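*Asks:* The file below is run.txt, compact mmCIF, C-alpha atoms:
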```
# COMPACT_ATOMS: atom_id res chain seq x y z
CA MET T 1 -3.84 -3.73 29.24
CA THR T 2 -4.68 -0.53 31.11
CA ARG T 3 -5.51 2.46 28.97
CA LEU T 4 -4.36 5.78 30.31
CA PRO T 5 -5.76 8.63 28.28
CA ILE T 6 -3.24 11.31 29.06
CA PHE T 7 -4.55 13.96 26.71
CA SER T 8 -7.74 15.78 27.36
CA ARG T 9 -9.03 18.03 24.68
CA SER T 10 -12.58 19.27 24.71
CA THR T 11 -13.26 17.18 21.62
CA GLU T 12 -12.73 14.02 23.64
CA GLN T 13 -14.25 11.12 21.74
CA ALA T 14 -14.90 13.48 18.86
CA LEU T 15 -12.12 12.01 16.72
CA ALA T 16 -11.48 8.32 16.14
CA GLY T 17 -8.37 7.16 17.97
CA TRP T 18 -8.20 10.33 20.03
CA PRO T 19 -6.88 10.71 22.65
CA PRO T 20 -4.13 8.18 21.90
CA PRO T 21 -3.95 5.74 24.80
CA VAL T 22 -0.51 5.09 26.28
CA LEU T 23 0.44 1.70 27.75
CA ASP T 24 -1.80 0.06 25.13
CA PRO T 25 0.77 -1.08 22.55
CA ALA T 26 -0.25 -2.21 19.06
CA GLY T 27 3.14 -3.36 17.79
CA PRO T 28 6.49 -4.83 18.91
CA PHE T 29 8.30 -1.51 19.41
CA ALA T 30 5.57 0.00 21.56
CA SER T 31 5.25 -3.31 23.45
CA SER T 32 8.85 -3.26 24.59
CA ILE T 33 8.41 0.32 25.83
CA THR T 34 5.26 -0.66 27.69
CA VAL T 35 7.13 -3.52 29.39
CA LEU T 36 9.86 -1.06 30.40
CA SER T 37 7.21 1.26 31.81
CA TRP T 38 5.66 -1.49 33.94
CA VAL T 39 9.13 -2.59 35.12
CA LEU T 40 9.78 1.00 36.22
CA PHE T 41 6.41 1.21 37.99
CA ALA T 42 7.11 -2.11 39.75
CA ILE T 43 10.62 -1.12 40.88
CA GLY T 44 9.28 2.26 41.98
CA GLY T 45 6.61 0.47 44.01
CA VAL T 46 9.12 -1.84 45.69
CA ILE T 47 11.42 1.08 46.58
CA LEU T 48 8.49 3.07 47.95
CA GLY T 49 7.63 0.05 50.10
CA LEU T 50 11.24 -0.20 51.38
CA VAL T 51 11.34 3.52 52.23
CA LEU T 52 8.01 3.32 54.06
CA ALA T 53 9.21 0.26 55.99
CA ALA T 54 12.42 2.08 56.97
CA LEU T 55 10.36 5.08 58.05
CA TRP T 56 8.18 2.86 60.22
CA VAL T 57 11.26 1.29 61.81
CA ALA T 58 12.77 4.72 62.46
CA LEU T 59 9.61 6.09 64.05
CA ALA T 60 8.08 3.14 65.83
CA GLY T 61 10.22 0.04 65.30
CA PRO T 62 11.93 -2.04 67.99
CA GLU T 63 15.10 -0.60 69.49
CA ARG T 64 17.37 -3.27 67.99
CA LEU T 65 16.22 -2.58 64.39
CA ARG T 66 16.34 1.18 64.88
CA SER T 67 19.99 1.16 65.92
CA ARG T 68 20.79 -1.08 62.98
CA LEU T 69 19.01 1.32 60.59
CA GLY T 70 21.26 4.13 61.76
CA GLY T 71 24.44 2.11 61.21
CA THR T 72 26.94 2.65 58.38
CA ARG T 73 26.30 -0.84 57.01
CA VAL T 74 22.72 0.10 56.02
CA ILE T 75 23.96 3.31 54.41
CA TRP T 76 26.51 1.40 52.35
CA LEU T 77 24.08 -1.28 51.29
CA ALA T 78 20.75 0.54 50.82
CA GLY T 79 22.10 4.01 50.21
CA ILE T 80 24.91 3.27 47.76
CA ALA T 81 25.09 -0.37 46.61
CA LEU T 82 21.37 -0.82 45.90
CA PRO T 83 20.89 2.39 43.83
CA VAL T 84 24.09 1.71 41.87
CA VAL T 85 23.02 -1.82 40.99
CA VAL T 86 19.37 -0.94 40.20
CA LEU T 87 20.10 2.22 38.24
CA THR T 88 22.96 0.64 36.26
CA ALA T 89 20.74 -2.30 35.33
CA LEU T 90 17.96 0.06 34.28
CA LEU T 91 20.36 2.23 32.29
CA ILE T 92 21.64 -0.78 30.35
CA TYR T 93 18.06 -2.02 29.83
CA GLY T 94 16.80 1.41 28.69
CA LEU T 95 19.73 2.21 26.38
CA THR T 96 19.57 -1.23 24.74
CA LEU T 97 15.88 -0.74 24.14
CA THR T 98 16.16 2.76 22.68
CA SER T 99 19.04 1.74 20.42
CA MET T 100 16.80 -1.07 19.10
CA LEU T 101 14.18 1.59 18.27
CA ARG T 102 16.73 3.54 16.28
CA THR T 103 18.71 0.84 14.47
CA PRO T 104 19.59 2.11 10.99
CA THR T 105 17.31 1.26 8.10
CA GLN T 106 17.04 -2.39 7.13
CA PRO T 107 16.70 -3.00 3.39
CA SER T 108 13.24 -4.48 3.90
CA ASP T 109 11.93 -1.49 5.84
CA ILE T 110 9.45 1.00 4.51
CA ARG T 111 10.94 4.48 4.69
CA VAL T 112 8.99 7.61 5.49
CA ARG T 113 10.44 11.06 6.11
CA VAL T 114 8.43 13.29 8.41
CA THR T 115 9.30 16.96 8.84
CA GLY T 116 7.89 18.96 11.73
CA GLU T 117 6.43 22.32 10.78
CA MET T 118 4.64 24.88 12.92
CA TRP T 119 2.07 23.22 13.36
CA TRP T 120 1.68 20.29 11.00
CA TRP T 121 3.58 17.32 9.60
CA ARG T 122 5.18 17.13 6.16
CA VAL T 123 5.23 13.52 5.01
CA ALA T 124 7.38 12.04 2.24
CA TYR T 125 7.38 8.36 1.30
CA LEU T 126 10.89 7.35 0.22
CA ASP T 127 11.91 4.59 -2.17
CA GLN T 128 14.73 2.14 -1.39
CA THR T 129 17.35 4.60 -2.62
CA GLY T 130 16.05 7.35 -0.34
CA ARG T 131 14.44 9.43 -3.08
CA VAL T 132 11.02 10.96 -2.47
CA ALA T 133 8.39 8.77 -4.13
CA MET T 134 5.26 10.53 -2.91
CA THR T 135 4.40 13.46 -0.67
CA ASP T 136 1.51 14.00 1.71
CA ALA T 137 0.78 15.67 5.05
CA ASN T 138 -0.64 14.93 8.50
CA GLU T 139 -1.38 11.29 7.80
CA ILE T 140 0.97 8.33 7.37
CA HIS T 141 -0.18 5.12 5.71
CA ILE T 142 1.67 1.93 6.56
CA PRO T 143 1.14 -1.79 5.99
CA VAL T 144 0.63 -3.99 9.05
CA GLY T 145 3.41 -6.32 10.13
CA ARG T 146 6.20 -4.37 8.41
CA THR T 147 8.77 -2.27 10.16
CA VAL T 148 8.60 1.35 9.10
CA THR T 149 11.67 3.53 9.49
CA VAL T 150 10.61 7.10 10.11
CA GLU T 151 13.27 9.73 9.42
CA LEU T 152 12.50 12.78 11.48
CA GLN T 153 13.58 16.34 10.91
CA SER T 154 12.29 19.83 11.57
CA SER T 155 12.12 22.94 9.45
CA ASP T 156 11.68 25.46 12.28
CA VAL T 157 11.71 24.61 16.00
CA ILE T 158 12.05 21.39 17.99
CA HIS T 159 9.03 19.12 17.67
CA SER T 160 8.59 15.57 18.92
CA PHE T 161 7.08 12.66 17.05
CA TRP T 162 4.96 10.36 19.18
CA VAL T 163 2.52 7.63 18.23
CA PRO T 164 2.09 6.02 21.66
CA ARG T 165 0.61 2.74 20.39
CA LEU T 166 3.28 2.13 17.73
CA SER T 167 6.65 3.25 19.06
CA GLY T 168 8.63 5.53 21.31
CA LYS T 169 8.87 9.29 21.27
CA ILE T 170 11.77 11.16 19.73
CA ASP T 171 12.55 14.83 19.09
CA MET T 172 12.64 16.39 15.63
CA VAL T 173 15.58 18.75 15.84
CA PRO T 174 16.39 21.41 13.22
CA GLY T 175 19.54 20.48 11.30
CA ARG T 176 19.52 16.90 12.52
CA ARG T 177 17.99 13.67 11.28
CA ASN T 178 16.63 11.33 13.94
CA VAL T 179 15.35 7.87 13.18
CA LEU T 180 12.54 5.97 14.83
CA ARG T 181 11.15 2.59 13.87
CA MET T 182 7.53 1.70 14.30
CA GLN T 183 5.23 -1.17 13.46
CA ALA T 184 1.53 -1.92 13.73
CA ASP T 185 0.35 -5.50 14.15
CA ALA T 186 -3.30 -4.84 13.31
CA PRO T 187 -5.07 -2.59 10.81
CA GLY T 188 -6.40 0.57 12.40
CA VAL T 189 -5.99 4.27 12.97
CA TYR T 190 -3.33 5.28 15.47
CA ALA T 191 -3.27 8.86 16.66
CA GLY T 192 -0.03 10.76 17.10
CA GLN T 193 0.80 14.05 18.69
CA CYS T 194 3.64 16.54 18.88
CA ALA T 195 5.16 15.95 22.30
CA GLU T 196 7.56 18.89 22.55
CA TYR T 197 6.20 22.39 23.13
CA CYS T 198 6.66 24.16 19.80
CA GLY T 199 4.68 27.38 20.07
CA GLY T 200 1.15 28.57 20.60
CA ALA T 201 -0.70 25.87 18.68
CA HIS T 202 1.53 23.01 19.88
CA ALA T 203 -1.44 21.17 21.40
CA LEU T 204 -3.18 21.36 18.02
CA MET T 205 -0.41 19.53 16.18
CA GLY T 206 -1.65 16.00 15.79
CA PHE T 207 -1.63 13.37 13.06
CA MET T 208 -2.87 9.91 12.25
CA VAL T 209 -1.03 6.74 11.30
CA VAL T 210 -3.31 4.45 9.31
CA ALA T 211 -2.27 0.79 9.15
CA HIS T 212 -3.67 -1.27 6.26
CA ARG T 213 -3.60 -4.95 5.33
CA PRO T 214 -0.71 -5.42 2.85
CA ASP T 215 -2.92 -5.76 -0.24
CA ASP T 216 -5.04 -2.74 0.77
CA TYR T 217 -1.84 -0.79 1.30
CA ALA T 218 -0.48 -1.75 -2.13
CA ARG T 219 -3.80 -0.80 -3.75
CA LEU T 220 -3.91 2.55 -1.94
CA MET T 221 -0.39 3.51 -2.95
CA ALA T 222 -0.90 2.40 -6.55
CA GLY T 223 -4.10 4.45 -6.72
CA ARG T 224 -2.29 7.50 -5.46
CA ARG T 225 0.34 7.26 -8.18
CA ARG T 226 -2.31 7.73 -10.85
CA PRO T 227 -3.04 11.37 -11.72
CA ALA T 228 -5.98 12.99 -9.94
CA PRO T 229 -9.26 12.58 -11.85
CA VAL T 230 -10.53 15.70 -13.60
CA ALA T 231 -13.24 17.23 -11.46
CA GLY T 232 -16.68 17.99 -12.89
CA GLY T 233 -19.60 20.24 -11.95
CA GLU T 234 -19.20 22.26 -8.76
CA ALA T 235 -15.81 20.70 -8.10
CA ALA T 236 -14.57 21.92 -11.52
CA ARG T 237 -15.55 25.46 -10.57
CA GLY T 238 -13.78 24.86 -7.25
CA ALA T 239 -10.61 23.79 -9.07
CA GLN T 240 -10.72 27.03 -11.05
CA LEU T 241 -11.22 29.10 -7.89
CA PHE T 242 -8.39 27.18 -6.20
CA GLN T 243 -6.07 28.36 -8.99
CA SER T 244 -7.40 31.90 -9.36
CA ASN T 245 -7.24 32.62 -5.62
CA GLY T 246 -3.60 31.55 -5.49
CA CYS T 247 -4.01 28.53 -3.23
CA GLY T 248 -1.36 26.80 -5.33
CA ALA T 249 1.28 29.28 -4.15
CA CYS T 250 1.42 27.43 -0.83
CA HIS T 251 -0.23 24.09 -1.56
CA ARG T 252 0.67 21.33 -3.96
CA VAL T 253 -1.86 19.21 -5.82
CA ALA T 254 -0.10 16.50 -7.84
CA GLY T 255 -0.78 16.71 -11.56
CA THR T 256 -1.92 20.35 -11.49
CA ALA T 257 -0.23 23.75 -11.65
CA ALA T 258 -0.51 24.03 -7.87
CA ASN T 259 3.01 23.31 -6.64
CA GLY T 260 3.52 25.43 -3.52
CA LEU T 261 5.59 23.93 -0.74
CA ALA T 262 4.92 26.31 2.15
CA GLY T 263 1.77 24.54 3.29
CA PRO T 264 0.56 20.95 3.45
CA ASP T 265 0.40 18.91 0.23
CA LEU T 266 -3.28 18.63 -0.71
CA SER T 267 -2.96 15.91 -3.37
CA HIS T 268 -4.91 13.46 -1.16
CA VAL T 269 -6.63 15.82 1.28
CA GLY T 270 -10.07 14.45 0.44
CA SER T 271 -9.17 11.06 1.88
CA ARG T 272 -7.71 12.36 5.11
CA ARG T 273 -9.39 11.44 8.40
CA THR T 274 -8.76 14.85 9.86
CA LEU T 275 -8.23 18.48 8.91
CA GLY T 276 -5.91 21.08 10.42
CA ALA T 277 -3.35 18.38 11.46
CA GLY T 278 -5.40 15.96 13.50
CA ILE T 279 -7.76 18.47 15.07
CA LEU T 280 -11.04 18.36 13.13
CA PRO T 281 -13.05 15.65 11.43
CA ASN T 282 -12.86 15.97 7.64
CA ASN T 283 -16.18 16.88 6.06
CA ARG T 284 -17.62 19.60 3.83
CA GLY T 285 -18.48 21.81 6.80
CA THR T 286 -15.12 21.67 8.56
CA MET T 287 -13.35 22.18 5.21
CA ILE T 288 -15.34 25.36 4.57
CA GLY T 289 -14.74 26.49 8.14
CA TRP T 290 -10.99 25.95 7.82
CA ILE T 291 -10.65 27.73 4.45
CA GLY T 292 -12.87 30.58 5.58
CA ASP T 293 -11.22 31.27 8.91
CA PRO T 294 -8.29 29.02 9.84
CA GLN T 295 -7.06 31.54 12.39
CA SER T 296 -10.04 30.94 14.64
CA LEU T 297 -9.24 27.22 14.64
CA LYS T 298 -5.45 27.25 14.93
CA PRO T 299 -4.33 30.75 15.94
CA GLY T 300 -1.01 31.84 14.46
CA ASN T 301 -0.81 29.27 11.66
CA ARG T 302 0.46 30.55 8.32
CA MET T 303 -2.79 30.26 6.37
CA PRO T 304 -4.75 33.52 6.05
CA ALA T 305 -8.54 33.67 6.25
CA TYR T 306 -10.45 33.49 2.97
CA SER T 307 -13.66 34.84 4.43
CA MET T 308 -13.75 37.49 1.69
CA LEU T 309 -14.87 34.77 -0.71
CA PRO T 310 -18.63 34.33 -1.09
CA GLY T 311 -20.05 31.22 0.54
CA ARG T 312 -20.70 29.48 -2.75
CA ASP T 313 -17.03 29.87 -3.72
CA LEU T 314 -15.89 28.40 -0.40
CA THR T 315 -18.34 25.55 -0.98
CA ALA T 316 -17.00 24.94 -4.49
CA ILE T 317 -13.39 24.88 -3.30
CA ALA T 318 -14.33 22.44 -0.54
CA ALA T 319 -16.14 20.29 -3.13
CA TYR T 320 -12.98 20.28 -5.28
CA LEU T 321 -10.72 19.34 -2.36
CA GLU T 322 -13.06 16.45 -1.50
CA THR T 323 -12.32 14.93 -4.91
CA LEU T 324 -8.57 14.81 -4.20
CA ARG T 325 -8.37 11.31 -2.79
CA MET Y 326 -54.56 6.40 41.44
CA LEU Y 327 -51.73 6.96 43.93
CA LEU Y 328 -49.19 6.39 41.18
CA LEU Y 329 -50.91 8.99 39.02
CA LEU Y 330 -50.81 11.49 41.87
CA LEU Y 331 -47.14 10.74 42.53
CA GLY Y 332 -46.45 11.26 38.86
CA GLY Y 333 -47.38 14.88 39.41
CA CYS Y 334 -44.54 15.19 41.92
CA LYS Y 335 -41.89 14.65 39.26
CA PRO Y 336 -39.63 17.69 39.11
CA PRO Y 337 -39.83 19.78 35.94
CA PRO Y 338 -37.39 18.63 33.25
CA GLU Y 339 -34.04 20.34 33.29
CA GLY Y 340 -33.64 22.90 30.55
CA ARG Y 341 -36.11 23.40 27.77
CA VAL Y 342 -36.41 20.34 25.55
CA ALA Y 343 -38.30 21.48 22.51
CA LEU Y 344 -38.23 18.02 20.94
CA PRO Y 345 -39.76 15.39 23.25
CA GLY Y 346 -37.50 12.44 23.89
CA ALA Y 347 -34.44 14.06 22.33
CA ASP Y 348 -31.11 13.58 24.13
CA LEU Y 349 -29.36 16.90 24.73
CA GLU Y 350 -26.03 15.38 25.78
CA ARG Y 351 -25.96 13.19 22.69
CA GLY Y 352 -26.86 16.25 20.62
CA LYS Y 353 -23.80 18.04 21.96
CA LEU Y 354 -21.59 14.99 21.32
CA VAL Y 355 -22.74 14.53 17.71
CA MET Y 356 -22.05 18.23 17.08
CA GLN Y 357 -18.54 17.75 18.46
CA GLN Y 358 -18.04 14.70 16.27
CA ALA Y 359 -19.31 16.45 13.15
CA GLY Y 360 -17.11 19.47 13.83
CA CYS Y 361 -19.94 22.07 13.90
CA ALA Y 362 -17.75 24.22 16.14
CA ALA Y 363 -15.29 24.65 13.24
CA CYS Y 364 -17.63 27.46 12.11
CA HIS Y 365 -19.80 28.23 15.14
CA VAL Y 366 -19.26 29.27 18.73
CA ILE Y 367 -21.47 26.79 20.60
CA PRO Y 368 -21.98 27.16 24.36
CA GLY Y 369 -20.88 23.96 26.09
CA ILE Y 370 -18.26 23.13 23.45
CA ALA Y 371 -15.00 24.57 24.75
CA TRP Y 372 -12.98 24.08 21.56
CA PRO Y 373 -12.91 25.03 18.73
CA LYS Y 374 -14.75 28.30 18.52
CA GLY Y 375 -15.01 28.90 14.79
CA ARG Y 376 -15.92 32.36 13.58
CA LEU Y 377 -16.90 31.78 9.96
CA GLY Y 378 -20.54 31.14 10.82
CA PRO Y 379 -22.81 32.82 13.36
CA ASP Y 380 -22.31 32.47 17.12
CA LEU Y 381 -25.04 30.13 18.39
CA THR Y 382 -25.13 31.51 21.93
CA GLY Y 383 -28.76 32.09 22.92
CA PHE Y 384 -29.96 30.28 19.83
CA ALA Y 385 -33.33 29.36 21.38
CA ARG Y 386 -34.24 33.06 21.54
CA GLN Y 387 -33.49 33.58 17.86
CA GLY Y 388 -36.49 34.10 15.58
CA MET Y 389 -35.11 32.89 12.26
CA ILE Y 390 -32.58 30.31 11.12
CA ALA Y 391 -29.99 31.87 8.80
CA GLY Y 392 -32.35 34.87 8.65
CA ARG Y 393 -34.48 32.92 6.21
CA VAL Y 394 -36.71 30.29 7.77
CA PRO Y 395 -38.57 30.21 11.12
CA ASN Y 396 -36.65 28.78 14.06
CA ARG Y 397 -38.97 25.84 14.72
CA PRO Y 398 -37.72 22.45 16.00
CA ASP Y 399 -38.74 20.56 12.83
CA VAL Y 400 -37.25 23.19 10.52
CA LEU Y 401 -34.05 23.31 12.56
CA THR Y 402 -33.71 19.52 12.45
CA ALA Y 403 -34.00 19.56 8.67
CA PHE Y 404 -31.64 22.56 8.39
CA ILE Y 405 -28.91 20.88 10.46
CA ARG Y 406 -28.93 17.83 8.18
CA ASN Y 407 -29.23 19.60 4.86
CA ALA Y 408 -29.01 23.36 5.13
CA PRO Y 409 -28.88 24.12 1.37
CA ALA Y 410 -32.17 22.25 0.86
CA VAL Y 411 -33.94 24.36 3.50
CA ALA Y 412 -32.28 27.71 2.77
CA PRO Y 413 -30.76 27.62 -0.74
CA GLY Y 414 -27.60 29.69 -1.08
CA THR Y 415 -26.47 29.31 2.53
CA THR Y 416 -22.77 28.63 3.06
CA MET Y 417 -23.58 25.86 5.53
CA PRO Y 418 -23.35 22.50 3.77
CA ALA Y 419 -25.27 19.29 4.39
CA MET Y 420 -23.73 17.62 7.41
CA PRO Y 421 -23.06 13.90 7.91
CA LEU Y 422 -25.74 13.33 10.58
CA ASN Y 423 -28.61 10.87 10.53
CA PRO Y 424 -32.15 12.15 11.32
CA GLY Y 425 -31.99 11.07 14.97
CA GLU Y 426 -28.64 12.79 15.49
CA ALA Y 427 -29.88 15.96 13.81
CA ARG Y 428 -32.93 15.92 16.08
CA ASP Y 429 -30.72 15.63 19.18
CA ALA Y 430 -28.47 18.42 17.91
CA ALA Y 431 -31.53 20.63 17.27
CA ALA Y 432 -32.77 19.93 20.79
CA TYR Y 433 -29.38 20.96 22.18
CA LEU Y 434 -29.37 24.20 20.21
CA LEU Y 435 -32.92 24.95 21.35
CA SER Y 436 -31.82 24.51 24.96
CA LEU Y 437 -29.40 27.46 24.56
CA ASP Y 438 -31.17 30.53 25.82
```
Could you write out this file's structure as structure tokens?

*Replies:*
Amino acid sequence: MTRLPIFSRSTEQALAGWPPPVLDPAGPFASSITVLSWVLFAIGGVILGLVLAALWVALAGPERLRSRLGGTRVIWLAGIALPVVVLTALLIYGLTLTSMLRTPTQPSDIRVRVTGEMWWWRVAYLDQTGRVAMTDANEIHIPVGRTVTVELQSSDVIHSFWVPRLSGKIDMVPGRRNVLRMQADAPGVYAGQCAEYCGGAHALMGFMVVAHRPDDYARLMAGRRRPAPVAGGEAARGAQLFQSNGCGACHRVAGTAANGLAGPDLSHVGSRRTLGAGILPNNRGTMIGWIGDPQSLKPGNRMPAYSMLPGRDLTAIAAYLETLR
Amino acid sequence: MLLLLLGGCKPPPEGRVALPGADLERGKLVMQQAGCAACHVIPGIAWPKGRLGPDLTGFARQGMIAGRVPNRPDVLTAFIRNAPAVAPGTTMPAMPLNPGEARDAAAYLLSLD
């Protein structure tokens, strides 16, 4: 199906899955929205054709048709009856579809809570009772073929959660919990983006949904439950610097003294596809660049620059973070 | 003979390609994909414009790389792939580029004057 890349960032093609194509569904929920979109385009096309035909009749048509066009019968039929019928049908169709996207959690669903923050995504995997089983940020791992119920909230302003290939788009409103269901039919990386203007770095608030085969997914999640391996060499020095420079006041690393909640959870940052919430590839260089001067990359975000640290310390911290997988 | 003469009519190559056969456009793309601009301002890459490392505007006119080694195409290619090996102690880490990509990136940087 047609791919319409609607985002254009200068890093086009620089990140896998970016920009996320719309009208290229990869699961049942996105498919039904794509069908709705094409139905709307088709109806729009037909109505445009009718209006153009009426215009032609009015300007250059035969006398008999022109007088009929000006009659009250045409106004009743085409001006009132037709819009009422078409718009009512579309309203019923659209509302039925969106309510299907938001049906309350089924017992078999996987539950993930995503909280919008300026300008990143707090991710919590929930167990069947709704308790937080694991936390992460800016990346959501799901198994293919399973419906995932995403509970959406915001801790500051209104954001909007949108993974065009997996589901619809819904606002994250402070003080409210919205629900959206999504599903991927094939393994892959699906880019998402905040779709509601939320401040200066709104355009730099992206994320990735990674869909795995069920056994890969089970292995990944089981691996993450084990405590982080103790780092050696340069990474060990990095772990020390991470503590001594106070990184743990804002960031959490599971199994260590770092338990800050103001910034993204870094327990698995080394395995992330991107840094800075979907904006940079994740490698040693971009990690150093982010730690050293995050303000040049995402102006106004809450992390201060650590450019007062010598280069070898930045390198060691980056080496440590790479081990958190 | 005629073909040889016509060969002389070829317009001069656009920009200054210091490394013969290197692809400047690909060099720019691999630098975008590797995220070089997370630390460097690089002309031609609109976003990001990182400030942790030096601005690479006019890089072709620069005498030294990292103030340590001569700014020669072969040295630059090696530096882009594995900076600590060429200039120990530099903050720039080894980057995930293969030799061909590093060569294209070097050619792009050497076209910036």

*Asks:* Step by step: start from the point (-13.8, 32.2, -4.6) in the file's coordinates, keep every protein, DNA or RNA residue that has an atom no farther than 7 Å from it, count only C-alpha atoms, and write the set as a ChimeraX atom specification.

*Replies:* /T:241,245,309-310,313-314

*Asks:* What separation in Å, quoted to one decimal, exists between CA of Ala319 in chain T and CA of Leu401 in chain Y?

*Replies:*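 Between CA of Ala319 in chain T and CA of Leu401 in chain Y the gap is 24.0 Å.
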
*Asks:* Within 12 Å of range 392-395 of chain Y, counting all atoms listed in the file, which residues show up once you throw out same-chain ones fewer than 6 positions away? Write them as a list in words, please.

*Replies:* Pro379, Ala385, Arg386, Leu401, Thr402, Ala403, Phe404, Ala408, Pro409, Ala410, Val411, Ala412, Pro413, Gly414 and Thr415 of chain Y

*Asks:* Identify every residue of chain T that has at least one atom within 12 Å of any atom of chain Y, counting all atoms listed in the file, and report the result as an mmCIF file with C-alpha atoms, in the coordinates of the input.

*Replies:*
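result33.cif, written as the output of this step:
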```cif
data_model
loop_
_atom_site.group_PDB
_atom_site.id
_atom_site.type_symbol
_atom_site.label_atom_id
_atom_site.label_comp_id
_atom_site.auth_asym_id
_atom_site.auth_seq_id
_atom_site.Cartn_x
_atom_site.Cartn_y
_atom_site.Cartn_z
ATOM 1 C CA SER T 8 -7.740 15.780 27.360
ATOM 2 C CA ARG T 9 -9.030 18.030 24.680
ATOM 3 C CA SER T 10 -12.580 19.270 24.710
ATOM 4 C CA THR T 11 -13.260 17.180 21.620
ATOM 5 C CA GLU T 12 -12.730 14.020 23.640
ATOM 6 C CA GLN T 13 -14.250 11.120 21.740
ATOM 7 C CA ALA T 14 -14.900 13.480 18.860
ATOM 8 C CA LEU T 15 -12.120 12.010 16.720
ATOM 9 C CA ALA T 16 -11.480 8.320 16.140
ATOM 10 C CA TRP T 18 -8.200 10.330 20.030
ATOM 11 C CA ALA T 203 -1.440 21.170 21.400
ATOM 12 C CA LEU T 204 -3.180 21.360 18.020
ATOM 13 C CA THR T 274 -8.760 14.850 9.860
ATOM 14 C CA LEU T 275 -8.230 18.480 8.910
ATOM 15 C CA GLY T 276 -5.910 21.080 10.420
ATOM 16 C CA ILE T 279 -7.760 18.470 15.070
ATOM 17 C CA LEU T 280 -11.040 18.360 13.130
ATOM 18 C CA PRO T 281 -13.050 15.650 11.430
ATOM 19 C CA ASN T 282 -12.860 15.970 7.640
ATOM 20 C CA ASN T 283 -16.180 16.880 6.060
ATOM 21 C CA ARG T 284 -17.620 19.600 3.830
ATOM 22 C CA GLY T 285 -18.480 21.810 6.800
ATOM 23 C CA THR T 286 -15.120 21.670 8.560
ATOM 24 C CA MET T 287 -13.350 22.180 5.210
ATOM 25 C CA ILE T 288 -15.340 25.360 4.570
ATOM 26 C CA GLY T 289 -14.740 26.490 8.140
ATOM 27 C CA TRP T 290 -10.990 25.950 7.820
ATOM 28 C CA ILE T 291 -10.650 27.730 4.450
ATOM 29 C CA GLY T 292 -12.870 30.580 5.580
ATOM 30 C CA ASP T 293 -11.220 31.270 8.910
ATOM 31 C CA PRO T 294 -8.290 29.020 9.840
ATOM 32 C CA GLN T 295 -7.060 31.540 12.390
ATOM 33 C CA SER T 296 -10.040 30.940 14.640
ATOM 34 C CA LEU T 297 -9.240 27.220 14.640
ATOM 35 C CA LYS T 298 -5.450 27.250 14.930
ATOM 36 C CA PRO T 299 -4.330 30.750 15.940
ATOM 37 C CA ALA T 305 -8.540 33.670 6.250
ATOM 38 C CA TYR T 306 -10.450 33.490 2.970
ATOM 39 C CA SER T 307 -13.660 34.840 4.430
ATOM 40 C CA MET T 308 -13.750 37.490 1.690
ATOM 41 C CA LEU T 309 -14.870 34.770 -0.710
ATOM 42 C CA PRO T 310 -18.630 34.330 -1.090
ATOM 43 C CA GLY T 311 -20.050 31.220 0.540
ATOM 44 C CA ARG T 312 -20.700 29.480 -2.750
ATOM 45 C CA ASP T 313 -17.030 29.870 -3.720
ATOM 46 C CA LEU T 314 -15.890 28.400 -0.400
ATOM 47 C CA THR T 315 -18.340 25.550 -0.980
ATOM 48 C CA ALA T 316 -17.000 24.940 -4.490
ATOM 49 C CA ILE T 317 -13.390 24.880 -3.300
ATOM 50 C CA ALA T 318 -14.330 22.440 -0.540
ATOM 51 C CA ALA T 319 -16.140 20.290 -3.130
#
```

*Asks:* Have a look at CA of Gln193 in chain T and CA of Pro164 in chain T and let me know their distance in Å, one decimal.

*Replies:*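 That distance, rounded to one decimal, is 8.7 Å.
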
*Asks:* With only C-alpha atoms as the counted atoms, please give the residues lying no more than 7 Å from Gly116 in chain T, apart from itself and same-chain residues fewer than 3 positions off, as a PDB file with C-alpha atoms, in the frame of the given file.

*Replies:*
```pdb
ATOM      1  CA  TRP T 120       1.680  20.290  11.000  1.00  0.00           C
ATOM      2  CA  TRP T 121       3.580  17.320   9.600  1.00  0.00           C
ATOM      3  CA  ARG T 122       5.180  17.130   6.160  1.00  0.00           C
ATOM      4  CA  GLN T 153      13.580  16.340  10.910  1.00  0.00           C
ATOM      5  CA  SER T 154      12.290  19.830  11.570  1.00  0.00           C
ATOM      6  CA  SER T 155      12.120  22.940   9.450  1.00  0.00           C
ATOM      7  CA  HIS T 159       9.030  19.120  17.670  1.00  0.00           C
ATOM      8  CA  MET T 172      12.640  16.390  15.630  1.00  0.00           C
TER       9      MET T 172
END
```

*Asks:* Which residues are near Leu126 in chain T? Cut-off 10 Å, only C-alpha atoms, ignore same chain within fewer than 6 positions. Put them as a list in words.

*Replies:* Ile110, Arg111, Val112, Arg113, Val132, Ala133, Met134, Thr135, Val150 and Glu151 of chain T

*Asks:* Using all atoms listed in the file for the distances, tell me which of Y:Val400, Y:Ala430, Y:Ile367, Y:Leu435 is nearest to Arg351 in chain Y.

*Replies:*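 Result for the nearest residue to Arg351 in chain Y: Y:Ala430.
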
*Asks:* Tell me, as a list in words, which residues lie within 12 Å of Leu55 in chain T, counting only C-alpha atoms; anything in the same chain fewer than 6 positions away does not count.

*Replies:* Leu48, Gly49, Gly61, Leu65, Arg66, Leu69 and Gly70 of chain T
